[in-house]
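Here is the file query37.cif (mmCIF, C-alpha atoms and all ligand atoms).
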```
data_model
#
loop_
_atom_site.label_atom_id
_atom_site.label_comp_id
_atom_site.auth_asym_id
_atom_site.auth_seq_id
_atom_site.Cartn_x
_atom_site.Cartn_y
_atom_site.Cartn_z
CA MET A 1 151.15 -69.71 39.99
CA LYS A 2 148.41 -72.31 39.35
CA LEU A 3 145.02 -70.89 38.39
CA LYS A 4 143.12 -74.18 38.33
CA GLY A 5 139.95 -74.07 40.40
CA MET A 6 140.36 -70.46 41.56
CA ASP A 7 137.63 -67.82 41.85
CA LEU A 8 138.33 -64.46 40.25
CA VAL A 9 136.48 -61.81 42.22
CA SER A 10 138.97 -58.95 42.50
CA ILE A 11 142.03 -58.24 40.39
CA ARG A 12 143.98 -58.50 43.65
CA ASP A 13 143.22 -62.25 43.61
CA LEU A 14 145.92 -62.50 40.91
CA THR A 15 149.68 -62.01 41.04
CA VAL A 16 151.70 -60.37 38.26
CA PRO A 17 153.13 -63.76 37.10
CA GLN A 18 149.57 -65.15 36.94
CA MET A 19 148.38 -62.15 34.90
CA ASN A 20 151.36 -62.56 32.57
CA ARG A 21 150.59 -66.25 32.19
CA ILE A 22 146.97 -65.46 31.21
CA MET A 23 148.20 -62.92 28.65
CA ASP A 24 150.75 -65.33 27.19
CA VAL A 25 148.10 -68.02 26.76
CA ALA A 26 145.73 -65.40 25.30
CA MET A 27 148.31 -64.64 22.57
CA GLU A 28 148.12 -68.28 21.49
CA MET A 29 144.31 -68.13 21.51
CA VAL A 30 144.06 -65.28 18.99
CA PRO A 31 143.74 -67.47 15.83
CA ILE A 32 141.07 -69.59 17.58
CA ALA A 33 139.24 -66.43 18.70
CA LYS A 34 139.23 -65.27 15.08
CA GLY A 35 137.80 -68.61 13.92
CA LYS A 36 140.94 -69.39 11.87
CA LYS A 37 141.91 -72.40 13.95
CA LYS A 38 139.65 -75.03 15.55
CA SER A 39 139.90 -76.18 19.15
CA LYS A 40 138.24 -78.78 21.39
CA LEU A 41 140.10 -77.71 24.51
CA LEU A 42 136.94 -77.27 26.62
CA ASP A 43 134.90 -80.01 24.93
CA GLY A 44 132.21 -81.30 27.29
CA ARG A 45 132.49 -78.36 29.71
CA ILE A 46 129.56 -76.12 30.58
CA LEU A 47 129.76 -72.43 31.39
CA ALA A 48 126.89 -70.67 33.22
CA THR A 49 126.56 -66.95 32.47
CA LEU A 50 124.30 -65.23 35.01
CA PHE A 51 123.83 -61.57 34.06
CA TYR A 52 121.62 -59.49 36.35
CA GLU A 53 122.74 -56.27 34.66
CA PRO A 54 122.95 -55.33 30.95
CA SER A 55 125.95 -56.49 28.96
CA THR A 56 126.98 -56.78 25.34
CA ARG A 57 130.74 -57.37 25.18
CA THR A 58 131.37 -59.19 28.42
CA LYS A 59 128.59 -61.73 28.04
CA LEU A 60 128.99 -62.32 24.30
CA SER A 61 132.78 -62.57 24.47
CA PHE A 62 132.63 -65.08 27.34
CA GLU A 63 130.12 -67.15 25.37
CA SER A 64 132.03 -66.87 22.12
CA ALA A 65 135.24 -67.83 23.95
CA MET A 66 133.62 -70.92 25.49
CA MET A 67 132.08 -72.05 22.21
CA ARG A 68 135.25 -71.47 20.19
CA LEU A 69 136.98 -73.83 22.63
CA GLY A 70 134.32 -76.51 22.07
CA GLY A 71 132.38 -75.92 25.31
CA ARG A 72 128.74 -75.08 25.85
CA VAL A 73 126.91 -72.25 27.56
CA ILE A 74 123.78 -71.98 29.71
CA GLY A 75 122.45 -68.93 31.52
CA PHE A 76 120.34 -65.81 31.36
CA SER A 77 120.77 -62.16 30.53
CA ASP A 78 117.38 -61.11 31.79
CA PRO A 79 116.82 -62.28 35.36
CA LYS A 80 113.08 -61.64 34.83
CA SER A 81 113.03 -64.79 32.70
CA SER A 82 114.48 -66.90 35.55
CA SER A 83 113.17 -67.78 39.01
CA VAL A 84 114.74 -64.57 40.25
CA ALA A 85 111.40 -63.07 39.17
CA LYS A 86 109.71 -65.40 41.68
CA GLY A 87 111.87 -64.04 44.47
CA GLU A 88 114.69 -66.58 44.46
CA THR A 89 117.79 -65.31 46.27
CA LEU A 90 121.19 -64.95 44.63
CA ALA A 91 122.55 -67.67 46.92
CA ASP A 92 119.94 -70.20 45.77
CA THR A 93 120.39 -69.31 42.09
CA ILE A 94 124.14 -69.80 42.51
CA ARG A 95 123.59 -73.21 44.16
CA MET A 96 121.63 -74.28 41.09
CA ALA A 97 124.14 -72.96 38.55
CA ASP A 98 126.82 -74.68 40.60
CA SER A 99 125.16 -78.06 40.14
CA TYR A 100 124.50 -77.54 36.41
CA SER A 101 127.86 -76.17 35.24
CA ASP A 102 131.66 -76.25 35.55
CA LEU A 103 132.21 -72.49 35.81
CA ILE A 104 130.00 -69.52 36.70
CA VAL A 105 130.34 -66.00 35.31
CA LEU A 106 128.26 -63.52 37.30
CA ARG A 107 127.34 -59.87 36.82
CA TYR A 108 125.32 -58.33 39.61
CA ARG A 109 124.27 -54.86 40.67
CA HIS A 110 125.73 -54.95 44.18
CA GLU A 111 129.34 -54.74 45.22
CA GLY A 112 130.43 -57.92 46.99
CA ALA A 113 127.91 -60.16 45.14
CA ALA A 114 130.63 -62.15 43.38
CA ARG A 115 132.41 -62.82 46.68
CA LEU A 116 129.16 -64.10 48.15
CA ALA A 117 128.55 -66.28 45.08
CA ALA A 118 132.05 -67.72 45.35
CA ASP A 119 131.32 -68.69 48.95
CA PHE A 120 128.16 -70.55 47.93
CA SER A 121 129.61 -72.27 44.88
CA GLU A 122 131.83 -75.30 44.57
CA VAL A 123 132.69 -74.54 40.95
CA PRO A 124 134.82 -71.46 40.27
CA VAL A 125 133.11 -68.07 40.04
CA ILE A 126 134.35 -65.23 37.81
CA ASN A 127 133.19 -61.71 38.60
CA ALA A 128 131.93 -60.02 35.42
CA GLY A 129 131.16 -56.80 37.30
CA ASP A 130 129.70 -56.27 40.78
CA GLY A 131 128.00 -52.89 40.96
CA ALA A 132 130.60 -50.17 41.35
CA GLY A 133 133.08 -52.72 42.69
CA GLN A 134 135.43 -54.58 40.37
CA HIS A 135 135.59 -55.94 36.80
CA PRO A 136 138.75 -58.06 36.77
CA THR A 137 138.33 -59.73 33.36
CA GLN A 138 137.95 -56.32 31.71
CA THR A 139 141.23 -55.41 33.37
CA LEU A 140 142.95 -58.50 31.98
CA LEU A 141 141.91 -57.62 28.44
CA ASP A 142 142.91 -53.99 29.03
CA LEU A 143 146.37 -55.07 30.18
CA PHE A 144 146.67 -57.46 27.24
CA THR A 145 145.76 -54.64 24.83
CA MET A 146 148.29 -52.27 26.41
CA ARG A 147 151.05 -54.87 26.41
CA GLU A 148 150.37 -55.69 22.76
CA GLU A 149 150.40 -52.00 21.85
CA MET A 150 153.37 -50.76 23.88
CA GLY A 151 155.44 -53.87 24.55
CA SER A 152 155.40 -53.25 28.29
CA ILE A 153 153.43 -51.32 30.87
CA LYS A 154 156.15 -50.47 33.38
CA GLY A 155 156.92 -46.74 33.46
CA LYS A 156 154.21 -45.85 30.94
CA HIS A 157 151.91 -42.94 31.76
CA ILE A 158 148.31 -44.11 31.83
CA ALA A 159 145.54 -41.63 32.51
CA LEU A 160 142.11 -42.81 33.61
CA LEU A 161 139.46 -40.29 32.59
CA GLY A 162 135.76 -40.18 33.46
CA ASP A 163 133.56 -41.59 36.17
CA LEU A 164 136.21 -42.95 38.50
CA LYS A 165 133.78 -43.12 41.41
CA TYR A 166 131.19 -45.56 40.05
CA GLY A 167 133.19 -47.11 37.19
CA ARG A 168 134.21 -50.61 38.22
CA THR A 169 136.60 -51.12 35.29
CA VAL A 170 138.87 -48.33 36.52
CA HIS A 171 138.92 -49.66 40.08
CA SER A 172 140.38 -52.98 38.99
CA LEU A 173 142.58 -51.37 36.36
CA ALA A 174 144.17 -48.80 38.68
CA GLU A 175 145.25 -51.59 41.03
CA ALA A 176 146.57 -53.82 38.26
CA LEU A 177 148.50 -50.99 36.57
CA THR A 178 150.14 -50.23 39.89
CA MET A 179 151.23 -53.85 40.18
CA PHE A 180 152.80 -53.50 36.72
CA GLY A 181 154.61 -50.28 37.65
CA ALA A 182 152.75 -47.77 35.46
CA GLU A 183 152.63 -44.06 36.16
CA LEU A 184 149.01 -43.05 36.84
CA SER A 185 146.83 -39.97 36.42
CA PHE A 186 143.23 -39.91 37.63
CA ILE A 187 141.05 -37.36 35.82
CA SER A 188 137.40 -36.95 36.73
CA PRO A 189 134.69 -34.33 36.98
CA GLU A 190 134.23 -33.00 40.48
CA GLY A 191 132.28 -35.45 42.62
CA LEU A 192 133.28 -38.50 40.54
CA GLU A 193 136.80 -38.91 41.91
CA MET A 194 138.48 -42.27 42.43
CA PRO A 195 137.27 -43.72 45.78
CA ALA A 196 139.57 -43.12 48.73
CA GLU A 197 139.89 -46.88 49.24
CA THR A 198 141.31 -47.43 45.73
CA ILE A 199 143.67 -44.47 46.09
CA GLU A 200 144.87 -45.91 49.40
CA ASN A 201 145.33 -49.36 47.85
CA VAL A 202 147.45 -48.07 44.98
CA LYS A 203 149.50 -45.83 47.28
CA LYS A 204 150.19 -48.78 49.56
CA MET A 205 151.48 -50.64 46.51
CA GLY A 206 153.82 -47.74 45.69
CA ALA A 207 151.91 -45.61 43.15
CA GLU A 208 151.70 -41.83 43.39
CA PRO A 209 148.73 -40.97 41.19
CA TYR A 210 148.38 -37.44 39.87
CA ILE A 211 144.82 -36.32 40.53
CA THR A 212 143.11 -33.62 38.48
CA THR A 213 139.79 -32.52 36.99
CA SER A 214 141.36 -31.42 33.70
CA VAL A 215 142.57 -33.72 30.95
CA GLU A 216 144.44 -30.72 29.45
CA ASP A 217 146.83 -30.93 32.42
CA VAL A 218 148.33 -34.22 31.27
CA ILE A 219 147.31 -34.85 27.66
CA GLY A 220 150.72 -33.98 26.21
CA ASP A 221 152.48 -36.59 28.31
CA VAL A 222 150.20 -39.64 28.40
CA ASP A 223 150.79 -42.94 26.59
CA ILE A 224 147.28 -44.30 27.08
CA LEU A 225 144.14 -42.27 27.73
CA TYR A 226 141.61 -44.72 29.23
CA VAL A 227 138.18 -43.12 28.95
CA THR A 228 135.05 -44.25 30.79
CA ARG A 229 131.36 -43.45 30.65
CA ILE A 230 129.53 -41.65 33.42
CA GLN A 231 127.63 -44.49 35.08
CA LYS A 232 124.16 -42.99 34.93
CA GLU A 233 122.48 -46.04 36.46
CA ARG A 234 124.46 -45.71 39.71
CA PHE A 235 123.26 -42.17 40.54
CA ALA A 236 120.64 -42.08 43.29
CA ASP A 237 119.53 -38.65 42.03
CA LEU A 238 119.16 -38.02 38.28
CA ALA A 239 119.68 -34.28 38.85
CA GLU A 240 123.20 -35.09 40.07
CA TYR A 241 123.84 -37.05 36.87
CA LYS A 242 122.62 -34.16 34.73
CA LYS A 243 125.14 -31.84 36.39
CA VAL A 244 128.08 -33.91 35.11
CA ALA A 245 126.66 -35.49 31.92
CA GLY A 246 128.61 -34.38 28.87
CA SER A 247 131.20 -32.56 31.01
CA PHE A 248 134.17 -33.95 29.06
CA GLN A 249 134.81 -35.23 25.56
CA VAL A 250 137.77 -36.68 23.72
CA ASN A 251 137.78 -35.11 20.28
CA ILE A 252 140.18 -34.14 17.49
CA GLU A 253 141.12 -30.81 19.12
CA LEU A 254 142.19 -32.61 22.27
CA LEU A 255 144.11 -35.26 20.31
CA ASP A 256 146.07 -32.51 18.55
CA LYS A 257 147.75 -31.86 21.91
CA ALA A 258 148.66 -35.54 22.48
CA LYS A 259 151.72 -37.52 21.47
CA LYS A 260 151.42 -39.20 18.06
CA SER A 261 151.79 -42.58 19.70
CA MET A 262 149.12 -41.90 22.34
CA ARG A 263 146.27 -44.41 22.25
CA VAL A 264 142.69 -43.99 23.45
CA MET A 265 141.05 -46.95 25.16
CA HIS A 266 137.49 -47.39 26.47
CA PRO A 267 135.78 -50.46 27.94
CA LEU A 268 132.63 -49.45 25.99
CA PRO A 269 129.76 -48.71 25.74
CA ARG A 270 130.51 -45.06 25.07
CA VAL A 271 127.87 -42.37 25.17
CA SER A 272 129.31 -38.97 24.25
CA GLU A 273 132.74 -39.09 25.90
CA ILE A 274 134.58 -40.02 22.69
CA SER A 275 133.54 -38.20 19.56
CA PRO A 276 132.95 -40.62 16.60
CA GLU A 277 135.51 -38.65 14.54
CA VAL A 278 138.21 -40.18 16.78
CA ASP A 279 137.34 -43.68 15.51
CA SER A 280 139.18 -43.25 12.21
CA THR A 281 142.36 -41.82 13.77
CA PRO A 282 145.39 -43.99 14.65
CA HIS A 283 144.70 -43.05 18.29
CA ALA A 284 141.58 -45.23 18.53
CA LEU A 285 142.30 -48.56 20.16
CA TYR A 286 138.90 -49.36 21.68
CA PHE A 287 137.49 -51.68 19.02
CA LYS A 288 140.63 -53.83 19.01
CA GLN A 289 140.45 -53.77 22.80
CA ALA A 290 136.88 -55.14 22.67
CA PHE A 291 137.94 -58.01 20.38
CA ASN A 292 140.69 -58.92 22.85
CA GLY A 293 137.98 -59.92 25.33
CA VAL A 294 137.62 -63.21 23.46
CA PRO A 295 141.21 -64.56 23.54
CA VAL A 296 141.77 -63.29 27.08
CA ARG A 297 138.60 -64.95 28.40
CA MET A 298 139.50 -68.14 26.52
CA ALA A 299 142.86 -68.20 28.26
CA LEU A 300 141.36 -67.47 31.65
CA MET A 301 138.70 -70.19 31.37
CA ALA A 302 141.15 -72.79 30.03
CA LEU A 303 143.52 -72.09 32.92
CA ILE A 304 140.84 -72.03 35.62
CA MET A 305 139.26 -75.23 34.28
CA GLY A 306 142.69 -76.86 34.28
CA ALA A 307 142.68 -77.62 30.54
CA ILE A 308 146.04 -75.80 30.42
CA GLU A 309 148.52 -75.64 33.30
C1 LIG A 401 131.76 -51.81 31.47
C2 LIG A 401 131.01 -52.33 32.67
O1 LIG A 401 130.00 -53.05 32.53
O2 LIG A 401 131.48 -52.05 33.77
N1 LIG A 401 131.38 -52.44 30.28
C3 LIG A 401 132.07 -53.58 29.90
O3 LIG A 401 132.02 -54.58 30.55
N2 LIG A 401 132.83 -53.50 28.80
C4 LIG A 401 131.79 -50.33 31.35
C5 LIG A 401 130.52 -49.55 31.41
O4 LIG A 401 129.41 -50.09 31.47
O5 LIG A 401 130.63 -48.33 31.36
#
```

Just give me the structure of the file as structure tokens.
Ligand code: NCD
Amino acid sequence: MKLKGMDLVSIRDLTVPQMNRIMDVAMEMVPIAKGKKKSKLLDGRILATLFYEPSTRTKLSFESAMMRLGGRVIGFSDPKSSSVAKGETLADTIRMADSYSDLIVLRYRHEGAARLAADFSEVPVINAGDGAGQHPTQTLLDLFTMREEMGSIKGKHIALLGDLKYGRTVHSLAEALTMFGAELSFISPEGLEMPAETIENVKKMGAEPYITTSVEDVIGDVDILYVTRIQKERFADLAEYKKVAGSFQVNIELLDKAKKSMRVMHPLPRVSEISPEVDSTPHALYFKQAFNGVPVRMALMALIMGAIE
């Protein structure tokens, strides 16, 4: 059950009781995340945020979470401004961050980078996205948002729509939702299907995902429609991207076919896959979801740093 000192590289590093514990602590963190209550829980601690790929929410919410708990932050968001530009390897950069901080949050363009960093670091490493691999802290805030919205996840129908091939958020999320007993649908344009490895993993854990290219197939039955962006930056050939760009959109006409209680989530940033007119409907949950990154990351850091048992 203890999280103290652990690395978080894949969502499979956590058990369901550990995920529930993080979410319970996150509930208590909400007033601190909103700035309504003060805390010194992580006073004197230093977080290193090493972002080799663009980020808005993940980086800022980790930093806000650390500062709201009285800790401090060092790091970079543009590796060109660090010695990476001089040719320093990831391993050496990690060794340095390890000796200057108490916790490292890493985003890197290659799958497996966070695992490598964890091997080189004494202090815990949290994976904030490794290429098309995993994004476990996004998953924790997604689960927290779903639990808050629906009370429980077990037996709920959750459809993942979009770039399921390159989208790391959906890889972690599909595995976690299976652990929580959700019913899954995977909807993607042709060529961007969920990787065979993830499908195998969830099947081994007992899920039987429904796989389709058409959101219309399931829209009337889903409880949460989790939409993702087509990951343009991961395409080797831009012509391939252009073939699928704009191939699906969540809009008012589609929502007319959904249950009233159906909620739309998105890890953000969105491009064109959710029409802005959806924002003002009761279906839109994505901005609240983005806020939840702060309390969830507070809880995770406090538990990993051992400030809370
Ligand atoms: C996601 C990511 O970086 O994987 N963003 C995020 O962390 N909220 C999703 C994306 O970039 O599409």

Inset, instruction - Could you give me, as a list in words, the residues within 7 Å of A:Ala299, counting all atoms listed in the file and dropping anything in the same chain fewer than 4 positions from it? - result: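 Close residues of A:Ala299: Ile22, Val25, Ala26, Met29, Pro295 and Leu303 of chain A.
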
Considering all atoms listed in the file, return as a PyMOL selection string whatever protein or nucleic-acid residues lie within 7 Å of A:Tyr286, sequence-local ones (same chain, fewer than 6 positions apart) excluded. chain A and resi 264-266

For this session: Give the residue list for ligand LIG 401 (chain A) at 6 Å, counting all atoms listed in the file, as a PyMOL selection string, sorted by chain and then by residue number.
Result: chain A and resi 57-58+129+168-169+229+267-269

With C-alpha atoms kept, could you save the residues just selected as a short mmCIF file (atom, residue, chain, number, x, y, z; two decimals), in the coordinates of the input?
```cif
data_model
loop_
_atom_site.label_atom_id
_atom_site.label_comp_id
_atom_site.auth_asym_id
_atom_site.auth_seq_id
_atom_site.Cartn_x
_atom_site.Cartn_y
_atom_site.Cartn_z
CA ARG A 57 130.74 -57.37 25.18
CA THR A 58 131.37 -59.19 28.42
CA GLY A 129 131.16 -56.80 37.30
CA ARG A 168 134.21 -50.61 38.22
CA THR A 169 136.60 -51.12 35.29
CA ARG A 229 131.36 -43.45 30.65
CA PRO A 267 135.78 -50.46 27.94
CA LEU A 268 132.63 -49.45 25.99
CA PRO A 269 129.76 -48.71 25.74
#
```

task = For A:Tyr226, list every protein, DNA or RNA residue within 12 Å, evaluated using only C-alpha atoms, and leave out those in the same chain fewer than 2 positions away; present the list as a PyMOL selection string.
result = chain A and resi 139+142-143+145-146+157-164+167+169-170+173-174+177+184-188+215+219+222-224+228-229+250+262-268+270+273-274+283-286+289

Check: Counting all atoms listed in the file, what is within 9 Å of stretch 33-44 of chain A, bar same-chain residues fewer than 2 positions away, as number ranges by chain?
Finding: A: 29-31, 46, 64-72, 291-292, 294-295, 298, 301-302, 305, 307-308

Exercise for the section: Would you mind listing what lies within 7 Å of A:Lys259 as a PyMOL selection string, with only C-alpha atoms counted and same-chain residues fewer than 2 positions away left out? Expected result: chain A and resi 220-221+257+261-262

Atomic separation - atom CA of A:Ala132 relative to atom CA of A:Ile74, Å: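 Straight-line distance from atom CA of A:Ile74 to atom CA of A:Ala132 works out to 25.6 Å.
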
Counting only C-alpha atoms, which residues of stretch 22-70 of chain A fall within 12 Å of stretch 97-117 of chain A, and what is the closest atom pair for each with its distance in Å at one decimal, ordered by chain and rising number, as CSV?
```
residue,atom,partner,partner_atom,distance
A:Leu42,CA,A:Asp102,CA,10.4
A:Asp43,CA,A:Asp102,CA,11.7
A:Gly44,CA,A:Asp102,CA,9.7
A:Arg45,CA,A:Asp102,CA,6.3
A:Ile46,CA,A:Ser101,CA,5.0
A:Leu47,CA,A:Leu103,CA,5.1
A:Ala48,CA,A:Ile104,CA,4.8
A:Thr49,CA,A:Val105,CA,4.8
A:Leu50,CA,A:Leu106,CA,4.9
A:Phe51,CA,A:Arg107,CA,4.8
A:Tyr52,CA,A:Tyr108,CA,5.1
A:Glu53,CA,A:Tyr108,CA,6.0
A:Pro54,CA,A:Arg107,CA,8.6
A:Ser55,CA,A:Arg107,CA,8.7
A:Thr56,CA,A:Arg107,CA,11.9
A:Thr58,CA,A:Arg107,CA,9.3
A:Lys59,CA,A:Val105,CA,8.6
A:Leu60,CA,A:Val105,CA,11.7
A:Ser61,CA,A:Val105,CA,11.6
A:Phe62,CA,A:Val105,CA,8.3
A:Glu63,CA,A:Val105,CA,10.0
A:Met66,CA,A:Leu103,CA,10.5
```

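Residue nearest A:Tyr210, chosen from A:Met27, A:Ala245, A:Met194, A:Val16 and counting only C-alpha atoms: A:Met194.
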
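Going from atom CA of A:Gly246 over to atom CA of A:Ile211, you cover 20.1 Å.
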
Of A:Met1, A:Ser77, A:Ser121, A:Phe144, the one sitting nearest A:Arg297 when using all atoms listed in the file is A:Phe144

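Only residues having an atom at most 12 Å from (145.6, -43.9, 47.1) are included; using all atoms listed in the file, these are His171, Ala174, Glu175, Thr178, Leu184, Ser185, Phe186, Glu193, Met194, Pro195, Ala196, Glu197, Thr198, Ile199, Glu200, Asn201, Val202, Lys203, Lys204, Met205, Gly206, Ala207, Glu208, Pro209, Tyr210 and Ile211 of chain A.
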
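Atom CA of A:Leu8 sits 4.7 Å away from atom CA of A:Ile126.
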
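If only C-alpha atoms are the atoms counted, then among A:Met96, A:Val9, A:Ile304, A:Met23 the closest residue to A:Gln134 is A:Val9.
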
Quick one: axis-aligned box around all listed atoms of stretch 16-33 of chain A, 5 Å on every side, centre and edge lengths in Å to one decimal, written as AutoDock Vina command-line options.
```
--center_x 146.2 --center_y -65.0 --center_z 27.0 --size_x 23.9 --size_y 19.2 --size_z 32.4
```

- [ ] Point out the residue among A:Arg147, A:Ser275, A:Thr15, A:Ile230 with the least atom-to-atom distance to A:Gln249, counting all atoms listed in the file.
- [x]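 With all atoms listed in the file as the atom set, the closest residue is A:Ser275.
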
Exercise for the section: Select, from A:Ala176, A:Lys2, A:Val84, A:Lys165, the residue with the minimum atom-to-atom distance to A:Gly131, counting all atoms listed in the file. Expected result: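 Of the candidates, the smallest distance to A:Gly131 is held by A:Lys165.
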
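Residue nearest A:Met19, chosen from A:Gly5, A:Pro136, A:Pro124, A:Pro79 and counting all atoms listed in the file: A:Pro136.
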